[in-house]
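S.K.: Attaching a single structure in structure tokens format; questions to follow.
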Amino acid sequence: MKIHATAIVDPRARIPESCQVGPYCVIGPDVELGENCRLVSHVAIEGPTRIGNDNIFFPFCAIGMDPQDVTYKGEPTRLEIGDHNEIRECVTISRGTVKGGGVTRVGSHTLIMAYAHVGHDSVIGDHVMLVNGATLGGHVTVEEWAVVGALCPVHQFVRIGAHAYIGGGTTITQDVLPFSMTSAARDTHAYGMNKVGLERRGFTKERIRAIHHAYKILLASKMNTSQALEKLKTEPGRGEDVNTLIRFIEAAERGVIK
């Protein structure tokens, strides 16, 4: 184990021999690191926090701190982080609250860029990217492969669907559709499906064609959302991606961006 002489590590923290803890890092009790984690410098981690393998934390990030909730009274809540994540400079990730389930979760293979914030009780899926300054209020869900652009504030309790791409500076107050590109170029609305991202993920032409057809019905027809959903449900052979889209919309509590 490589722990710099200036680092402060609570003896109750669990740190494997394969980890590196750089200068001026502070690790509190009830913190558990997995194998091959690296804290570059000036990293602060409080617990209860459990972190998986092969994660890297850059300077001045604050991980597992108390939730920014005025009703929090010091209850024992926690943070769980998966494997192979890159947490960049000045990122803040809060623990959960009792009223929100008690846990904040970050998946694996994520890139959380400088100054991003993950609020209490949020759930971040695998392969997610939060670009510089992305700000997630409490109880936000970001599904796998989604990208939240720079300086995007995301309202509490909002869901961001899988493979979605949100353009920089977009204020998100409703659920963001899976597979969509959403940007605030004037009114915030979905421009269509995220074709380039889906191609990069290996989606076949047939899958992309089916999603594109569904988006034409949802966004380009004269039907309202309920009518569009009913039409999609009647179409044979629509595929699992379109079913995912339908389920996502039906579960929306704040409505979806169109």
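Ordered as shown in the structure tokens, chains take letters A, B, and onward, while each chain numbers its residues from 1 and ligands are numbered from 1 in the order shown.
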Leaving out region 76-79 of chain A and any residue of its chain fewer than 4 positions from it, which residues lie within 8 Å of it when counting only C-alpha atoms, given as number ranges by chain?
M.R.: A: 47-50, 64, 94-98, 102-105
S.K.: Leaving out region 205-219 of chain A and any residue of its chain fewer than 3 positions from it, which residues lie within 9 Å of it when counting only C-alpha atoms, given as a PyMOL selection string?
M.R.: chain A and resi 179-180+190-193+195+198-199+222-225+227-229+231-232+238-242+245+258
S.K.: Quick one: pick out all strand (DSSP E or B) residues within region 115-146 of chain A from a backbone DSSP run and write them as a VMD selection string.
M.R.: chain A and resid 117 to 118 123 to 124 129 to 130 135 to 136 141 to 142
S.K.: With N, CA and C atoms kept, could you save the residues just selected as a short mmCIF file (atom, residue, chain, number, x, y, z; two decimals), in the first residue's frame?
M.R.:
```
data_model
loop_
_atom_site.label_atom_id
_atom_site.label_comp_id
_atom_site.auth_asym_id
_atom_site.auth_seq_id
_atom_site.Cartn_x
_atom_site.Cartn_y
_atom_site.Cartn_z
N HIS A 117 -21.81 17.30 -9.82
CA HIS A 117 -22.37 16.99 -8.51
C HIS A 117 -23.42 15.89 -8.64
N VAL A 118 -23.31 14.88 -7.80
CA VAL A 118 -24.31 13.80 -7.73
C VAL A 118 -25.00 13.92 -6.38
N VAL A 123 -29.13 7.56 -8.48
CA VAL A 123 -28.66 6.26 -8.98
C VAL A 123 -28.09 6.48 -10.37
N ILE A 124 -26.80 6.20 -10.53
CA ILE A 124 -26.10 6.41 -11.79
C ILE A 124 -25.76 5.05 -12.38
N MET A 129 -21.78 9.23 -18.56
CA MET A 129 -20.83 10.35 -18.56
C MET A 129 -21.54 11.61 -18.06
N LEU A 130 -21.00 12.19 -17.00
CA LEU A 130 -21.45 13.49 -16.52
C LEU A 130 -20.35 14.49 -16.86
N THR A 135 -25.08 18.92 -12.82
CA THR A 135 -25.54 18.98 -11.43
C THR A 135 -26.82 18.19 -11.28
N LEU A 136 -26.76 17.10 -10.55
CA LEU A 136 -27.92 16.24 -10.35
C LEU A 136 -28.52 16.50 -8.97
N THR A 141 -32.24 9.61 -11.36
CA THR A 141 -31.78 8.35 -11.96
C THR A 141 -31.22 8.63 -13.34
N VAL A 142 -30.00 8.18 -13.59
CA VAL A 142 -29.39 8.28 -14.91
C VAL A 142 -29.10 6.86 -15.39
#
```
S.K.: Please identify all polymer residues within 8 Å of Gly107 (chain A), counting only C-alpha atoms, omitting same-chain residues fewer than 6 positions from it, and present them as a list in words.
M.R.: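 The neighbour list is Ile81, Gly82, Asp83, Val123, Ile124, Gly125, Asp126 and His127 of chain A.
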S.K.: For the residues selected in the previous step, produce a file with C-alpha atoms as an mmCIF file, in the first residue's frame.
M.R.:
```
data_model
loop_
_atom_site.group_PDB
_atom_site.id
_atom_site.type_symbol
_atom_site.label_atom_id
_atom_site.label_comp_id
_atom_site.auth_asym_id
_atom_site.auth_seq_id
_atom_site.Cartn_x
_atom_site.Cartn_y
_atom_site.Cartn_z
ATOM 1 C CA ILE A 81 -19.549 3.079 -6.114
ATOM 2 C CA GLY A 82 -18.777 0.303 -8.612
ATOM 3 C CA ASP A 83 -15.628 -0.485 -10.597
ATOM 4 C CA VAL A 123 -28.665 6.263 -8.983
ATOM 5 C CA ILE A 124 -26.104 6.408 -11.792
ATOM 6 C CA GLY A 125 -25.982 3.485 -14.227
ATOM 7 C CA ASP A 126 -22.994 1.904 -15.944
ATOM 8 C CA HIS A 127 -21.055 3.750 -18.687
#
```
S.K.: Find the spatial neighbours of Glu253 (chain A), counting only C-alpha atoms, within a cut-off of 12 Å - ignore same-chain residues fewer than 5 positions away - and output them as a VMD selection string.
M.R.: chain A and resid 156 to 159 173 to 176 248
S.K.: So, with only C-alpha atoms as the atoms that count, which of A:Arg38, A:His109, A:Glu32, A:Ala146 lies closest to Cys19 (chain A)?
M.R.: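 With only C-alpha atoms as the atom set, the closest residue is A:Arg38.
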S.K.: Please measure the separation of CA of Pro16 (chain A) and CA of Cys90 (chain A), giving the value in Å to one decimal.
M.R.: 24.4 Å
S.K.: Between CA of Ala116 (chain A) and CA of Thr171 (chain A), what is the spacing in Å?
M.R.: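 Pair CA of Thr171 (chain A) / CA of Ala116 (chain A) returns 14.5 Å.
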S.K.: Provide the CA of Val70 (chain A) to CA of Phe57 (chain A) distance in Å, to one decimal place.
M.R.: 27.6 Å
S.K.: Hey, which of A:Val196, A:Ile51, A:Met65, A:Val131 ends up closest to Glu89 (chain A)? Count only C-alpha atoms.
M.R.: A:Val131
S.K.: My list of candidates is A:His139, A:Arg254, A:Lys233, A:His163. Which is closest to Leu177 (chain A) when distances are computed with only C-alpha atoms?
M.R.: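 Closest to Leu177 (chain A) of all the choices is A:His163.
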S.K.: Pull the helix (DSSP H, G or I) assignments for region 11-247 of chain A out of DSSP run on the backbone, and list those residues as a PyMOL selection string.
M.R.: chain A and resi 98-100+195-200+205-220+225-234+239-247
S.K.: Pick the closest to Pro67 (chain A) from A:Ala44, A:Gly52, A:Gly167, A:Lys99: which is it, counting only C-alpha atoms?
M.R.: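 Once distances to Pro67 (chain A) are computed over only C-alpha atoms, the minimum belongs to A:Lys99.
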